[in-house]
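A.B. asks: The following file, entry13.cif, comprises mmCIF, C-alpha atoms and all ligand atoms:
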data_protein
#
loop_
_atom_site.group_PDB
_atom_site.id
_atom_site.type_symbol
_atom_site.label_atom_id
_atom_site.label_comp_id
_atom_site.auth_asym_id
_atom_site.auth_seq_id
_atom_site.Cartn_x
_atom_site.Cartn_y
_atom_site.Cartn_z
ATOM 1 C CA MET A 1 74.452 62.286 84.372
ATOM 2 C CA GLU A 2 77.407 59.990 85.116
ATOM 3 C CA ILE A 3 78.529 60.053 88.760
ATOM 4 C CA PHE A 4 82.056 58.971 89.677
ATOM 5 C CA SER A 5 83.789 58.822 93.019
ATOM 6 C CA THR A 6 87.207 57.651 91.802
ATOM 7 C CA ILE A 7 89.871 59.597 89.953
ATOM 8 C CA LYS A 8 90.520 56.638 87.617
ATOM 9 C CA GLU A 9 86.922 56.343 86.373
ATOM 10 C CA THR A 10 86.571 60.095 85.990
ATOM 11 C CA LYS A 11 89.792 60.388 83.994
ATOM 12 C CA GLU A 12 88.885 57.443 81.752
ATOM 13 C CA CYS A 13 85.463 58.861 80.935
ATOM 14 C CA LEU A 14 86.707 62.394 80.273
ATOM 15 C CA MET A 15 89.766 61.267 78.315
ATOM 16 C CA SER A 16 87.618 59.353 75.848
ATOM 17 C CA LEU A 17 85.325 62.366 75.419
ATOM 18 C CA LYS A 18 88.363 64.605 74.860
ATOM 19 C CA LYS A 19 89.671 62.176 72.245
ATOM 20 C CA GLU A 20 86.379 62.681 70.394
ATOM 21 C CA GLY A 21 87.256 66.385 70.335
ATOM 22 C CA LYS A 22 84.682 67.436 72.946
ATOM 23 C CA THR A 23 85.384 70.541 75.034
ATOM 24 C CA ILE A 24 84.923 70.434 78.810
ATOM 25 C CA GLY A 25 83.453 73.152 81.025
ATOM 26 C CA PHE A 26 84.074 72.619 84.737
ATOM 27 C CA VAL A 27 82.352 73.971 87.854
ATOM 28 C CA PRO A 28 84.127 72.908 91.071
ATOM 29 C CA THR A 29 81.920 73.077 94.178
ATOM 30 C CA MET A 30 81.715 72.009 97.789
ATOM 31 C CA GLY A 31 78.039 71.094 97.341
ATOM 32 C CA ALA A 32 75.049 72.738 99.074
ATOM 33 C CA LEU A 33 74.234 74.021 95.615
ATOM 34 C CA HIS A 34 72.198 77.181 95.076
ATOM 35 C CA ARG A 35 71.261 79.454 92.161
ATOM 36 C CA GLY A 36 74.787 80.870 92.095
ATOM 37 C CA HIS A 37 76.165 77.443 91.185
ATOM 38 C CA ALA A 38 73.310 76.930 88.700
ATOM 39 C CA SER A 39 74.354 80.104 86.869
ATOM 40 C CA LEU A 40 77.943 78.811 86.574
ATOM 41 C CA LEU A 41 76.704 75.471 85.222
ATOM 42 C CA GLU A 42 74.415 77.232 82.765
ATOM 43 C CA ARG A 43 77.300 79.285 81.406
ATOM 44 C CA GLY A 44 79.546 76.196 81.259
ATOM 45 C CA GLU A 45 76.909 74.246 79.386
ATOM 46 C CA LYS A 46 76.472 77.037 76.830
ATOM 47 C CA GLU A 47 80.177 77.390 76.136
ATOM 48 C CA ASN A 48 81.297 73.731 76.064
ATOM 49 C CA ASP A 49 80.278 70.309 74.724
ATOM 50 C CA ILE A 50 80.465 68.606 78.123
ATOM 51 C CA SER A 51 79.500 70.040 81.493
ATOM 52 C CA VAL A 52 81.393 68.647 84.500
ATOM 53 C CA SER A 53 81.006 69.496 88.169
ATOM 54 C CA SER A 54 82.656 68.283 91.357
ATOM 55 C CA ILE A 55 81.362 68.103 94.907
ATOM 56 C CA PHE A 56 84.087 67.865 97.514
ATOM 57 C CA VAL A 57 84.135 69.518 100.918
ATOM 58 C CA ASN A 58 87.855 70.162 100.980
ATOM 59 C CA PRO A 59 89.076 69.721 104.574
ATOM 60 C CA ILE A 60 92.383 71.507 104.039
ATOM 61 C CA GLN A 61 90.805 74.846 103.216
ATOM 62 C CA PHE A 62 89.035 75.063 106.582
ATOM 63 C CA ASN A 63 90.991 76.616 109.407
ATOM 64 C CA ASP A 64 88.292 75.835 111.926
ATOM 65 C CA LYS A 65 87.417 72.188 112.516
ATOM 66 C CA LYS A 66 83.894 73.070 113.714
ATOM 67 C CA ASP A 67 83.285 75.032 110.519
ATOM 68 C CA LEU A 68 84.316 71.952 108.510
ATOM 69 C CA GLU A 69 82.073 69.648 110.535
ATOM 70 C CA LYS A 70 79.004 71.810 110.201
ATOM 71 C CA TYR A 71 79.483 72.693 106.517
ATOM 72 C CA PRO A 72 76.181 71.721 104.803
ATOM 73 C CA ARG A 73 76.313 68.353 103.043
ATOM 74 C CA THR A 74 73.282 67.862 100.807
ATOM 75 C CA ILE A 75 74.459 65.405 98.140
ATOM 76 C CA SER A 76 71.010 63.942 97.209
ATOM 77 C CA GLU A 77 69.481 67.380 96.641
ATOM 78 C CA ASP A 78 72.659 68.483 94.847
ATOM 79 C CA ILE A 79 72.437 65.566 92.400
ATOM 80 C CA ILE A 80 68.856 66.533 91.532
ATOM 81 C CA LYS A 81 69.949 70.151 90.976
ATOM 82 C CA LEU A 82 72.916 69.098 88.829
ATOM 83 C CA LYS A 83 70.692 66.911 86.660
ATOM 84 C CA SER A 84 68.237 69.726 86.102
ATOM 85 C CA ALA A 85 71.182 72.008 85.208
ATOM 86 C CA HIS A 86 72.128 69.464 82.482
ATOM 87 C CA CYS A 87 75.421 68.498 84.106
ATOM 88 C CA ASP A 88 76.914 65.512 82.213
ATOM 89 C CA VAL A 89 79.501 64.274 84.714
ATOM 90 C CA LEU A 90 79.755 64.658 88.489
ATOM 91 C CA PHE A 91 83.004 63.861 90.293
ATOM 92 C CA ALA A 92 82.252 63.346 94.006
ATOM 93 C CA PRO A 93 85.323 61.814 95.644
ATOM 94 C CA SER A 94 85.954 60.880 99.271
ATOM 95 C CA VAL A 95 88.646 62.608 101.335
ATOM 96 C CA GLU A 96 90.786 59.445 101.089
ATOM 97 C CA GLU A 97 90.488 59.466 97.289
ATOM 98 C CA MET A 98 91.721 63.059 97.086
ATOM 99 C CA TYR A 99 94.313 62.834 99.856
ATOM 100 C CA PRO A 100 95.427 59.188 99.994
ATOM 101 C CA ALA A 101 98.663 59.870 101.863
ATOM 102 C CA ALA A 102 97.333 60.011 105.440
ATOM 103 C CA PRO A 103 97.445 62.127 107.501
ATOM 104 C CA ILE A 104 95.528 64.686 105.481
ATOM 105 C CA PRO A 105 97.810 67.674 104.835
ATOM 106 C CA SER A 106 96.454 70.184 107.235
ATOM 107 C CA PHE A 107 96.730 73.938 107.053
ATOM 108 C CA CYS A 108 93.955 74.048 109.606
ATOM 109 C CA ASP A 109 95.588 72.014 112.327
ATOM 110 C CA SER A 110 95.181 72.510 116.029
ATOM 111 C CA LEU A 111 97.582 75.459 116.277
ATOM 112 C CA LYS A 112 96.314 78.389 118.290
ATOM 113 C CA GLU A 113 95.952 81.681 116.364
ATOM 114 C CA PRO A 114 99.127 83.413 117.663
ATOM 115 C CA GLU A 115 101.157 80.297 116.816
ATOM 116 C CA LYS A 116 99.622 80.225 113.362
ATOM 117 C CA ARG A 117 100.611 83.831 112.788
ATOM 118 C CA ARG A 118 104.166 83.059 113.903
ATOM 119 C CA GLN A 119 104.280 79.992 111.684
ATOM 120 C CA LYS A 120 106.876 80.596 108.981
ATOM 121 C CA LYS A 121 105.895 80.319 105.354
ATOM 122 C CA THR A 122 107.598 77.077 104.351
ATOM 123 C CA GLU A 123 107.229 75.149 101.128
ATOM 124 C CA LYS A 124 105.418 72.424 103.056
ATOM 125 C CA ASN A 125 102.661 74.572 104.484
ATOM 126 C CA ASN A 126 102.622 77.009 101.551
ATOM 127 C CA PRO A 127 103.148 74.941 98.394
ATOM 128 C CA PHE A 128 101.956 77.774 96.129
ATOM 129 C CA ASP A 129 103.658 81.113 95.746
ATOM 130 C CA LEU A 130 100.732 83.500 95.889
ATOM 131 C CA GLY A 131 102.822 86.638 96.397
ATOM 132 C CA ASN A 132 100.847 89.011 98.556
ATOM 133 C CA LEU A 133 97.463 87.840 97.298
ATOM 134 C CA ASP A 134 96.793 85.598 100.292
ATOM 135 C CA ASN A 135 98.148 87.995 102.927
ATOM 136 C CA VAL A 136 95.226 90.402 102.662
ATOM 137 C CA MET A 137 91.505 90.366 103.499
ATOM 138 C CA GLU A 138 90.294 86.724 103.782
ATOM 139 C CA GLY A 139 93.909 85.538 103.874
ATOM 140 C CA LYS A 140 94.522 87.539 107.072
ATOM 141 C CA GLN A 141 91.457 86.086 108.762
ATOM 142 C CA ARG A 142 91.772 82.508 107.478
ATOM 143 C CA SER A 143 95.359 81.334 107.730
ATOM 144 C CA GLY A 144 96.240 78.739 105.053
ATOM 145 C CA HIS A 145 92.778 78.837 103.490
ATOM 146 C CA PHE A 146 93.908 79.851 100.006
ATOM 147 C CA GLN A 147 96.803 77.379 99.984
ATOM 148 C CA GLY A 148 94.191 74.681 100.671
ATOM 149 C CA VAL A 149 91.973 76.020 97.877
ATOM 150 C CA CYS A 150 94.899 76.023 95.414
ATOM 151 C CA VAL A 151 95.916 72.453 96.327
ATOM 152 C CA VAL A 152 92.431 71.090 95.646
ATOM 153 C CA VAL A 153 91.712 73.207 92.569
ATOM 154 C CA LYS A 154 95.047 72.220 90.993
ATOM 155 C CA LYS A 155 94.318 68.539 91.741
ATOM 156 C CA LEU A 156 90.816 68.871 90.250
ATOM 157 C CA PHE A 157 92.208 70.574 87.125
ATOM 158 C CA ASP A 158 94.737 67.731 86.729
ATOM 159 C CA ILE A 159 91.943 65.142 86.972
ATOM 160 C CA ILE A 160 89.257 66.868 84.878
ATOM 161 C CA GLN A 161 91.561 68.732 82.445
ATOM 162 C CA PRO A 162 88.861 71.253 81.580
ATOM 163 C CA ASP A 163 89.064 73.737 78.726
ATOM 164 C CA LYS A 164 87.252 76.332 80.832
ATOM 165 C CA ALA A 165 86.530 76.546 84.564
ATOM 166 C CA TYR A 166 83.843 78.780 86.057
ATOM 167 C CA PHE A 167 84.161 80.717 89.325
ATOM 168 C CA GLY A 168 81.809 83.219 90.944
ATOM 169 C CA GLU A 169 82.941 86.805 91.503
ATOM 170 C CA LYS A 170 81.405 86.623 94.977
ATOM 171 C CA ASP A 171 84.654 84.990 96.119
ATOM 172 C CA PHE A 172 86.687 87.709 94.444
ATOM 173 C CA GLN A 173 89.956 86.989 96.247
ATOM 174 C CA GLN A 174 89.668 83.261 95.478
ATOM 175 C CA LEU A 175 89.100 84.114 91.820
ATOM 176 C CA ALA A 176 92.178 86.406 91.707
ATOM 177 C CA ILE A 177 94.293 83.724 93.400
ATOM 178 C CA ILE A 178 93.155 80.922 91.070
ATOM 179 C CA LYS A 179 93.857 83.141 88.035
ATOM 180 C CA HIS A 180 97.343 83.798 89.454
ATOM 181 C CA MET A 181 97.970 80.090 90.167
ATOM 182 C CA VAL A 182 96.901 79.069 86.652
ATOM 183 C CA GLN A 183 99.029 81.782 85.084
ATOM 184 C CA THR A 184 102.182 81.129 87.104
ATOM 185 C CA LEU A 185 101.994 77.334 86.665
ATOM 186 C CA SER A 186 100.898 77.600 82.998
ATOM 187 C CA VAL A 187 97.873 75.380 83.636
ATOM 188 C CA PRO A 188 96.065 75.087 80.266
ATOM 189 C CA VAL A 189 92.604 76.149 81.446
ATOM 190 C CA GLU A 190 90.683 79.348 80.879
ATOM 191 C CA ILE A 191 89.296 80.803 84.106
ATOM 192 C CA VAL A 192 85.886 82.346 83.490
ATOM 193 C CA PRO A 193 84.687 84.838 86.130
ATOM 194 C CA CYS A 194 80.882 84.889 86.546
ATOM 195 C CA PRO A 195 78.770 87.630 88.146
ATOM 196 C CA THR A 196 77.496 87.196 91.704
ATOM 197 C CA VAL A 197 73.932 85.894 91.903
ATOM 198 C CA ARG A 198 71.831 87.655 94.531
ATOM 199 C CA GLU A 199 68.675 87.097 96.559
ATOM 200 C CA PRO A 200 65.847 89.558 95.737
ATOM 201 C CA ASP A 201 66.978 91.838 98.605
ATOM 202 C CA GLY A 202 70.576 91.890 97.271
ATOM 203 C CA LEU A 203 72.261 89.405 99.632
ATOM 204 C CA ALA A 204 74.894 87.452 97.679
ATOM 205 C CA MET A 205 73.956 83.761 97.363
ATOM 206 C CA SER A 206 76.096 81.553 99.578
ATOM 207 C CA SER A 207 75.821 78.090 101.090
ATOM 208 C CA ARG A 208 76.393 79.787 104.457
ATOM 209 C CA ASN A 209 73.209 81.894 104.188
ATOM 210 C CA THR A 210 71.209 78.855 105.353
ATOM 211 C CA PHE A 211 72.855 79.210 108.793
ATOM 212 C CA LEU A 212 71.506 82.739 109.367
ATOM 213 C CA ASN A 213 68.604 83.093 111.787
ATOM 214 C CA PRO A 214 65.615 85.162 110.531
ATOM 215 C CA ASP A 215 66.871 88.417 112.114
ATOM 216 C CA GLU A 216 70.410 87.953 110.804
ATOM 217 C CA ARG A 217 69.109 87.024 107.363
ATOM 218 C CA LYS A 218 66.882 90.111 107.168
ATOM 219 C CA ASN A 219 69.616 92.483 108.307
ATOM 220 C CA ALA A 220 72.311 90.878 106.117
ATOM 221 C CA ALA A 221 70.709 92.661 103.145
ATOM 222 C CA LEU A 222 72.377 95.835 104.455
ATOM 223 C CA ILE A 223 75.761 94.541 103.235
ATOM 224 C CA TYR A 224 74.864 94.891 99.563
ATOM 225 C CA LYS A 225 72.922 98.102 100.234
ATOM 226 C CA ALA A 226 76.078 99.592 101.782
ATOM 227 C CA LEU A 227 78.135 98.471 98.767
ATOM 228 C CA MET A 228 75.613 100.081 96.416
ATOM 229 C CA GLU A 229 75.862 103.329 98.371
ATOM 230 C CA VAL A 230 79.652 103.098 98.151
ATOM 231 C CA LYS A 231 79.331 102.690 94.393
ATOM 232 C CA ASN A 232 77.029 105.674 94.212
ATOM 233 C CA LEU A 233 79.263 107.853 96.371
ATOM 234 C CA THR A 234 82.328 107.041 94.276
ATOM 235 C CA SER A 235 80.774 107.022 90.801
ATOM 236 C CA PRO A 236 81.510 109.754 88.316
ATOM 237 C CA PRO A 237 79.406 112.844 89.051
ATOM 238 C CA ASN A 238 75.663 112.280 88.836
ATOM 239 C CA PRO A 239 72.649 114.011 90.428
ATOM 240 C CA SER A 240 72.904 111.964 93.660
ATOM 241 C CA SER A 241 76.712 112.155 94.000
ATOM 242 C CA PRO A 242 77.611 115.511 92.478
ATOM 243 C CA LYS A 243 81.338 115.168 93.103
ATOM 244 C CA GLY A 244 81.980 111.418 92.737
ATOM 245 C CA LYS A 245 85.322 110.188 94.122
ATOM 246 C CA GLU A 246 86.505 113.737 94.785
ATOM 247 C CA SER A 247 83.879 114.090 97.493
ATOM 248 C CA MET A 248 85.278 111.407 99.827
ATOM 249 C CA LYS A 249 88.746 110.098 100.641
ATOM 250 C CA VAL A 250 89.146 106.307 100.779
ATOM 251 C CA ALA A 251 89.823 106.516 104.537
ATOM 252 C CA ASP A 252 86.575 108.452 105.093
ATOM 253 C CA LEU A 253 84.664 105.978 102.961
ATOM 254 C CA LYS A 254 86.004 103.146 105.157
ATOM 255 C CA LYS A 255 84.832 104.971 108.290
ATOM 256 C CA TRP A 256 81.439 105.575 106.688
ATOM 257 C CA VAL A 257 81.008 101.848 105.893
ATOM 258 C CA GLU A 258 82.172 100.836 109.367
ATOM 259 C CA GLN A 259 79.590 103.098 110.980
ATOM 260 C CA LYS A 260 76.810 102.055 108.585
ATOM 261 C CA ILE A 261 77.360 98.319 109.270
ATOM 262 C CA ASN A 262 78.177 98.505 112.957
ATOM 263 C CA GLU A 263 75.168 100.640 113.864
ATOM 264 C CA ASN A 264 73.078 97.584 112.932
ATOM 265 C CA PRO A 265 72.813 95.388 116.068
ATOM 266 C CA PHE A 266 72.902 92.141 114.044
ATOM 267 C CA LEU A 267 76.059 92.913 112.046
ATOM 268 C CA LYS A 268 79.732 93.500 112.796
ATOM 269 C CA LEU A 269 82.213 94.691 110.173
ATOM 270 C CA GLU A 270 85.360 92.545 109.827
ATOM 271 C CA TYR A 271 86.894 94.595 107.037
ATOM 272 C CA PHE A 272 86.058 96.925 104.198
ATOM 273 C CA GLU A 273 88.832 97.442 101.643
ATOM 274 C CA VAL A 274 89.148 99.240 98.348
ATOM 275 C CA VAL A 275 91.662 97.215 96.358
ATOM 276 C CA ASN A 276 93.345 96.992 92.986
ATOM 277 C CA SER A 277 91.308 94.241 91.262
ATOM 278 C CA GLU A 278 94.375 92.343 90.088
ATOM 279 C CA THR A 279 96.975 92.738 92.825
ATOM 280 C CA LEU A 280 94.394 93.082 95.640
ATOM 281 C CA ALA A 281 96.665 95.772 97.095
ATOM 282 C CA SER A 282 94.780 98.171 99.304
ATOM 283 C CA VAL A 283 94.196 101.574 97.732
ATOM 284 C CA LYS A 284 94.599 104.692 99.859
ATOM 285 C CA ASP A 285 94.210 107.283 97.179
ATOM 286 C CA TRP A 286 91.732 107.204 94.291
ATOM 287 C CA ASN A 287 94.529 107.803 91.778
ATOM 288 C CA GLU A 288 96.517 104.798 92.873
ATOM 289 C CA ALA A 289 94.964 101.976 90.875
ATOM 290 C CA ILE A 290 92.422 101.115 88.232
ATOM 291 C CA PRO A 291 90.250 99.006 88.076
ATOM 292 C CA LEU A 292 89.128 98.973 91.686
ATOM 293 C CA ARG A 293 87.058 96.604 93.778
ATOM 294 C CA ALA A 294 85.357 97.310 97.089
ATOM 295 C CA CYS A 295 85.464 94.154 99.242
ATOM 296 C CA ILE A 296 83.659 93.586 102.510
ATOM 297 C CA ALA A 297 83.423 90.895 105.210
ATOM 298 C CA VAL A 298 80.744 91.095 107.867
ATOM 299 C CA LYS A 299 79.780 88.839 110.725
ATOM 300 C CA ALA A 300 76.061 88.230 111.147
ATOM 301 C CA GLY A 301 75.982 86.439 114.486
ATOM 302 C CA ALA A 302 78.524 83.626 114.109
ATOM 303 C CA ILE A 303 78.354 83.573 110.299
ATOM 304 C CA ARG A 304 80.932 85.397 108.158
ATOM 305 C CA LEU A 305 79.539 86.860 104.955
ATOM 306 C CA ILE A 306 81.628 88.346 102.165
ATOM 307 C CA ASP A 307 80.704 90.444 99.181
ATOM 308 C CA ASN A 308 82.292 92.888 96.745
ATOM 309 C CA ILE A 309 81.494 95.323 93.977
ATOM 310 C CA ALA A 310 83.420 96.876 91.082
ATOM 311 C CA LEU A 311 84.004 100.606 91.534
HETATM 312 O O1 LIG A 401 84.458 78.109 96.103
HETATM 313 C C1 LIG A 401 84.382 76.925 96.494
HETATM 314 O O2 LIG A 401 83.300 76.339 96.575
HETATM 315 C C2 LIG A 401 85.654 76.189 96.862
HETATM 316 O O3 LIG A 401 86.586 77.038 97.432
HETATM 317 C C3 LIG A 401 86.274 75.411 95.681
HETATM 318 C C4 LIG A 401 86.715 76.343 94.572
HETATM 319 C C5 LIG A 401 85.272 74.409 95.138
HETATM 320 C C6 LIG A 401 87.513 74.648 96.168
HETATM 321 O O4 LIG A 401 87.204 73.749 97.179
#
What's the structure tokens form of this structure?
C.D. replies:
Amino acid sequence: MEIFSTIKETKECLMSLKKEGKTIGFVPTMGALHRGHASLLERGEKENDISVSSIFVNPIQFNDKKDLEKYPRTISEDIIKLKSAHCDVLFAPSVEEMYPAAPIPSFCDSLKEPEKRRQKKTEKNNPFDLGNLDNVMEGKQRSGHFQGVCVVVKKLFDIIQPDKAYFGEKDFQQLAIIKHMVQTLSVPVEIVPCPTVREPDGLAMSSRNTFLNPDERKNAALIYKALMEVKNLTSPPNPSSPKGKESMKVADLKKWVEQKINENPFLKLEYFEVVNSETLASVKDWNEAIPLRACIAVKAGAIRLIDNIAL
């Protein structure tokens, strides 16, 4: 595996491979790799001639400095994992390489929350028009996060120029936003959504899971269990849900999830939404939109966990 830390070297290497007619599959990451990332790399390797990954903890997508500081950085272990996943090229730049014009553009500056909410959407702090996609769910909780994601992903696409890029469905809102960004800017890359990889008890794999204490970790399995029950309750009639969606209004389902999660002393529901999978608009009535996605965010102690399921 070739490892580059500069944009110049990375571009030179990939350009010459492209000239030979090789196709490039790309998996962008922030490191702390787990089996979820491995599944993206596996798919990328199968579908392309060259498998490329990046490791870059992108400061401008964090709206909490402490969160950025404590984000796991495990580059040596990550390199071993990438090699065993047959990655051909790793791009692992410094912050200065990615954002040379100091100071680093910051969506996560020292503003207090109420100020942030008052902050007007300007071109400078919102370079991408994401419509309403970043005003809901994670976007409400993490001001500027998705703008920061789009800035770095667009930069990475410009450097790597992949044919296909692989993103996990676990970050469903991120996936919808990247698809939108690529479509509106006509970026010539195919975005490939990949299924969420789960621990044996159902918890979605995430770099943040390592921060859970044993009690939080054990109880976090309830998140996926609740989503499975939601799926069952809203599925077309079957022996365990004789009436399917007719049996429960969306509002009642939300209350049911809230109670189910919050009665667990280790968990606290941040939101549960049933949304249109493309627009991410909240659905109040089962007839409103198809296909649907149930999305959830839960705090286990200080750690925010997100998950989702197709309905
Ligand atoms: O999903 C992630 O790991 C990050 O948001 C991404 C896409 C690598 C951008 O920093």
A.B. asks: If the limit is 6 Å from any atom of ligand LIG 401 (chain A), counting all atoms listed in the file, which residues qualify? Return them as a tab-separated table (two decimals) with C-alpha atoms, in the coordinates of the input.
C.D. replies:
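For reference, out_21.tsv as written:
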chain	number	residue	atom	x	y	z
A	28	PRO	CA	84.13	72.91	91.07
A	29	THR	CA	81.92	73.08	94.18
A	30	MET	CA	81.72	72.01	97.79
A	58	ASN	CA	87.86	70.16	100.98
A	149	VAL	CA	91.97	76.02	97.88
A	153	VAL	CA	91.71	73.21	92.57
A.B. asks: Measuring between all atoms listed in the file, which one of A:Thr184, A:Met248, A:Asp158, A:Leu222 shows the shortest distance to Gly202 (chain A)?
C.D. replies: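 That would be A:Leu222, the residue with the smallest distance to Gly202 (chain A).
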A.B. asks: Evaluated on this file, the PyMOL selection byres (((chain A and resi 79) around 10) and not hetatm) picks out some residues - which ones are they, written as a PyMOL selection string?
C.D. replies: chain A and resi 1+3+31+33+55+74-78+80-85+87+90
A.B. asks: Could you tell me which residues the PyMOL selection byres (((chain A and resi 277-294) around 7) and not hetatm) grabs in this file, written as a VMD selection string?
C.D. replies: chain A and resid 133 176 250 to 251 273 to 276 295 to 296 308 to 311
A.B. asks: Near Pro162 (chain A), counting all atoms listed in the file, which residues have an atom at most 8 Å away, once you skip same-chain residues fewer than 6 positions from it, shown as a PyMOL selection string?
C.D. replies: chain A and resi 23-26+189
A.B. asks: Go through A:Asn209, A:Gln61, A:Thr196, A:Asn135 and flag the residue nearest Ala221 (chain A), using all atoms listed in the file for the distances.
C.D. replies: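 Ranked by minimum distance to Ala221 (chain A), first place goes to A:Asn209.
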A.B. asks: As an exercise, work out the distance from CA of Arg35 (chain A) to CA of Arg208 (chain A) in Å and give it to one decimal place.
C.D. replies: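 Distance reported for this atom pair: 13.3 Å.
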A.B. asks: How far is it from CA of Ile159 (chain A) to CA of Ser207 (chain A), in Å with one decimal?
C.D. replies: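 Going from CA of Ile159 (chain A) over to CA of Ser207 (chain A), I get 25.0 Å.
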A.B. asks: Care to translate the PyMOL selection byres (((chain A and resi 67) around 12) and not hetatm) into actual residues of this file, as a ChimeraX atom specification?
C.D. replies: /A:57-66,68-72,108,142,208,211,302-304
A.B. asks: Rounded to one decimal in Å, what is the spacing between CA of Gln183 (chain A) and CA of Gly168 (chain A)?
C.D. replies: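 That distance, rounded to one decimal, is 18.2 Å.
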A.B. asks: Which residue gives the smallest distance to Gly301 (chain A) among A:Asn264, A:Ile223, A:Glu138, A:Glu216, with only C-alpha atoms counted?
C.D. replies: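 Nearest candidate to Gly301 (chain A) out of A:Asn264, A:Ile223, A:Glu138, A:Glu216: A:Glu216.
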A.B. asks: Have a look at A:Glu2, A:Asp134, A:Glu270, A:Asp307 and name the one nearest to Lys225 (chain A); count all atoms listed in the file.
C.D. replies: A:Asp307
A.B. asks: Could you check the closest approach to Lys170 (chain A) for each of A:His86, A:His37, A:Lys18, A:Lys255 and tell me which residue wins, using only C-alpha atoms?
C.D. replies: A:His37
A.B. asks: Point out the residue among A:Gln147, A:Lys19, A:Gln259, A:Gly36 with the least atom-to-atom distance to Arg198 (chain A), counting all atoms listed in the file.
C.D. replies: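 Closest to Arg198 (chain A) of all the choices is A:Gly36.
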A.B. asks: Within 12 Å of Lys260 (chain A), counting all atoms listed in the file, which residues show up once you throw out same-chain ones fewer than 2 positions away? Write them as a short mmCIF file (atom, residue, chain, number, x, y, z; two decimals) with C-alpha atoms, in the frame of the given file, please.
C.D. replies:
data_model
loop_
_atom_site.label_atom_id
_atom_site.label_comp_id
_atom_site.auth_asym_id
_atom_site.auth_seq_id
_atom_site.Cartn_x
_atom_site.Cartn_y
_atom_site.Cartn_z
CA ASN A 219 69.62 92.48 108.31
CA LEU A 222 72.38 95.84 104.46
CA ILE A 223 75.76 94.54 103.24
CA TYR A 224 74.86 94.89 99.56
CA LYS A 225 72.92 98.10 100.23
CA ALA A 226 76.08 99.59 101.78
CA LEU A 227 78.14 98.47 98.77
CA GLU A 229 75.86 103.33 98.37
CA VAL A 230 79.65 103.10 98.15
CA LEU A 253 84.66 105.98 102.96
CA LYS A 254 86.00 103.15 105.16
CA LYS A 255 84.83 104.97 108.29
CA TRP A 256 81.44 105.58 106.69
CA VAL A 257 81.01 101.85 105.89
CA GLU A 258 82.17 100.84 109.37
CA ASN A 262 78.18 98.50 112.96
CA GLU A 263 75.17 100.64 113.86
CA ASN A 264 73.08 97.58 112.93
CA PRO A 265 72.81 95.39 116.07
CA PHE A 266 72.90 92.14 114.04
CA LEU A 267 76.06 92.91 112.05
CA LYS A 268 79.73 93.50 112.80
CA LEU A 269 82.21 94.69 110.17
CA PHE A 272 86.06 96.92 104.20
CA VAL A 298 80.74 91.10 107.87
#
A.B. asks: Pull the closest atom pair for each residue of region 151-185 of chain A that gets at most 9 Å from region 41-46 of chain A, along with the distance in Å to one decimal, counting all atoms listed in the file, ordering rows by chain and then ascending residue number, as CSV.
C.D. replies:
residue,atom,partner,partner_atom,distance
A:Lys164,CA,A:Gly44,CA,7.7
A:Ala165,CA,A:Gly44,CA,7.7
A:Tyr166,CA,A:Gly44,CA,6.9
A.B. asks: Which neighbours of Lys11 (chain A) fall inside 9 Å, counting all atoms listed in the file, when residues of the same chain fewer than 5 positions from it are skipped, and could you give them as JSON, numbers by chain?
C.D. replies: {"A": [6, 16, 159, 160, 161]}
